[in-house]
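Below is one structure, written out as structure tokens, with a few remarks after it.
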Amino acid sequence: MLPAVTGPGTQHSHTAVRRLLDLLAEGAPAEDYGRPSAEAREAGATAGELADIAEATGVALRIRRTLSQHRRREAELTALFDTASDLAALRDLDAVLRAIVHRAKLLLGTDVTYLSLNDEAAGDTYMRVTDGSVAAAFQQVRLGMGEGLGGLVAQTARPYATDDYQADSRFHHTSTIDRAVGQEGLRAILGVPLRVGARIIGVLYAADRARREFSPQEVALLSSLADHAAIAIDGARLLEETRAALADLNSASETIRAHSADVRRAEQAHDQLTDLVLRGGGADEVAAAIAAILDGAIVIHDSHGAELARAGSGPVPPPAPAVEASRASGRAVPQDGTWVCAVLAGPELLGSIALTGRAGLPDTDRLLFERASVVTALLLLLRRSVAETEDRVRGELLTDLLAATTDPGALTARAQRLGVDLARRHSVLVIHGDVASRHRLLAAAARSGVALGALAGLHNDHVVLVAPVEAPGPTAKALAAELSQAVGSPVTVGAAGPAAGPAGLSAAHGEAHRCLSALRALGHAGRGGALSDLGFVGVLLGGQADLLGYVRNTLGPLLDYDARRGTDLVRTLDAYFAQGGSLTRTREALHVHVNTVVQRLDRVGRLLGEDWNSPARTLEIQLALRLHRLAHGL
């Protein structure tokens, strides 16, 4: 009790004692108990009064410690009673274990508490519950028997404590455990065993991120909580065994439980796929995820039957009849061992999914497959939205580029933002389909243009590609064949270039458009090429006629042969046409034997092709001979 203060001049002492009593009543922190002495000193208390106040302060602090110990013990007992109450009403083992771990954290005042259980099959111990942990590696760490502090507790069935784990040589340190403890930032650790009879089933821990000495009272408290946790775990095991026995006797309940699990699995798969799409996953990732969920092979097609992605399967042709049947029924349908589900957005067909390798598909997996088609619809709608936005931006750039009415510097900057270098030479390809709509043709051309790194858009009622290729003619031929197959009808492609800069590309577009018109006028629908591929027609239509190029394209094999062998095939062919195709007059003009003329013309036929003397070819060859003679004379 506080000492009695009597005698004259004790006003300051009385005031200080009353203040100390108030602090005890308020449960104030220890540092506040020095204030009454300081206030008395400031008020002019005598040395005797200050001595009395100091003695009273010491007594008050001892009373405070005693009260704190009582409160702490009361809290510990309350926690133990609460834990016992939880065990009596055991419903959820994880909830009880979390409550025990959390109470240990509060009562011991540590940064982290956690509980690990022994895995008898693996011969190690794994983390079951944590409270206050922030490191994923720590929450998933496994300790071998005898490894680290916890492994030693599990092996020896004795409590162990350390004020600095990393520096404590008593324990068998491993890189995995030390790295996990380091990531969590723990230093002081206390571990006590979980006992069920003579068997150790796990370890309960309390840990701080600063150095700390654990008292025997704290070890005893944590051991009491560990005993409760062991009882909870063993009780849960017994309860589980009872439930299993009842489940074996109640098949109807088992059927309901299995059905519920299937529904949950379908919901989880749906959530997993939806999350994948919303995180930006592509068609390949979605196909792989569906294949993994259904343990089969997946192929995704768009609404036109073009393959978008596949996983675990070779190419599968789009099963059109099955897609229509699925679209009509709204369910997945089988066809020749393949399950097919239409991908719909309302009544609109966006594509289809084909599942192979699962001929006998149970109802639960069929439900999963159908849910996967809903997520695939979301994916395709997102892809279409993104593609439409990108196509619009790229199409606007292409229109401004070919119109050549916008500042070249601004066009160059816009192109750079889209990854297009206008300083690089590009070819221009103008595309026309006799049957396919412009929008369908644009979609197909845009897909083909991706491989070329091309801009695609509509300009002057035609689909146009601007691609960084140096050979417009072969590119146009390949593109015409590819697009004709994609849209199922002839597609004609005129090409020009390569050219650099807005002005050059605008001029190339004009030439490519003339080339397209010439191809159609000459009856070459469904083919592609550049003006240089059209012979003298290309020379006439070209904005800058490449005469020497025309001569080389037409007479190149003869010129090369004459240069290598020192022969006169070009001169002989020129004389033959000049003499109206008469062998006799040609012999006289060249002063050679008629057999020599025949042999030379046979060689011409082998070099230029058997149709060299047809009307269409003779016109081109004679024009090339005249241009060659003119160029040679100049």
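Please note that chains go A, B, ... in the order of the structure tokens, that every chain numbers its residues from 1, and that ligands are numbered from 1 in the order shown.
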
Can you tell me which residues surround Arg18 of chain A at a distance of at most 12 Å, considering only C-alpha atoms, apart from same-chain residues fewer than 2 positions away, and format the answer as a PyMOL selection string? chain A and resi 2+4-5+11-16+20-25+33+36-37+53+56-57+60

What are the DSSP strand (DSSP E or B) residues of segment 413-538 of chain A, as a PyMOL selection string? chain A and resi 426-433+455-459+462-467+491-499+528-530

Contact residues around segment 139-142 of chain A with only C-alpha atoms at 10 Å, ignoring same-chain residues under 2 positions, as a list in words: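 Counting only the stated atoms, we get Tyr114, Ser116, Leu117, Asn118, Asp119, Asp124, Thr125, Tyr126, Met127, Arg128, Val129, Thr130, Asp131, Ser133, Val134, Ala135, Ala136, Ala137, Gly144, Met145, Glu147, Gly150, Gly151, Thr176, Ile177, Arg179, Ala180, Val181 and Glu184 of chain A.
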
Straight-line distance linking atom CA of Asp271 of chain A with atom CA of Arg384 of chain A, stated in Å to one decimal: 21.7 Å

Given the choices A:Arg440, A:Pro317, A:Arg425, A:Ser385, which gets closest to Ala503 of chain A if the distance is worked out from only C-alpha atoms? A:Arg425

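Atom to atom, atom CA of Ala481 of chain A and atom CA of Gly526 of chain A stand 7.2 Å apart.
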
Have a look at atom CA of Val428 of chain A and atom CA of Ser489 of chain A and let me know their distance in Å, one decimal.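 Atom CA of Val428 of chain A sits 22.1 Å away from atom CA of Ser489 of chain A.
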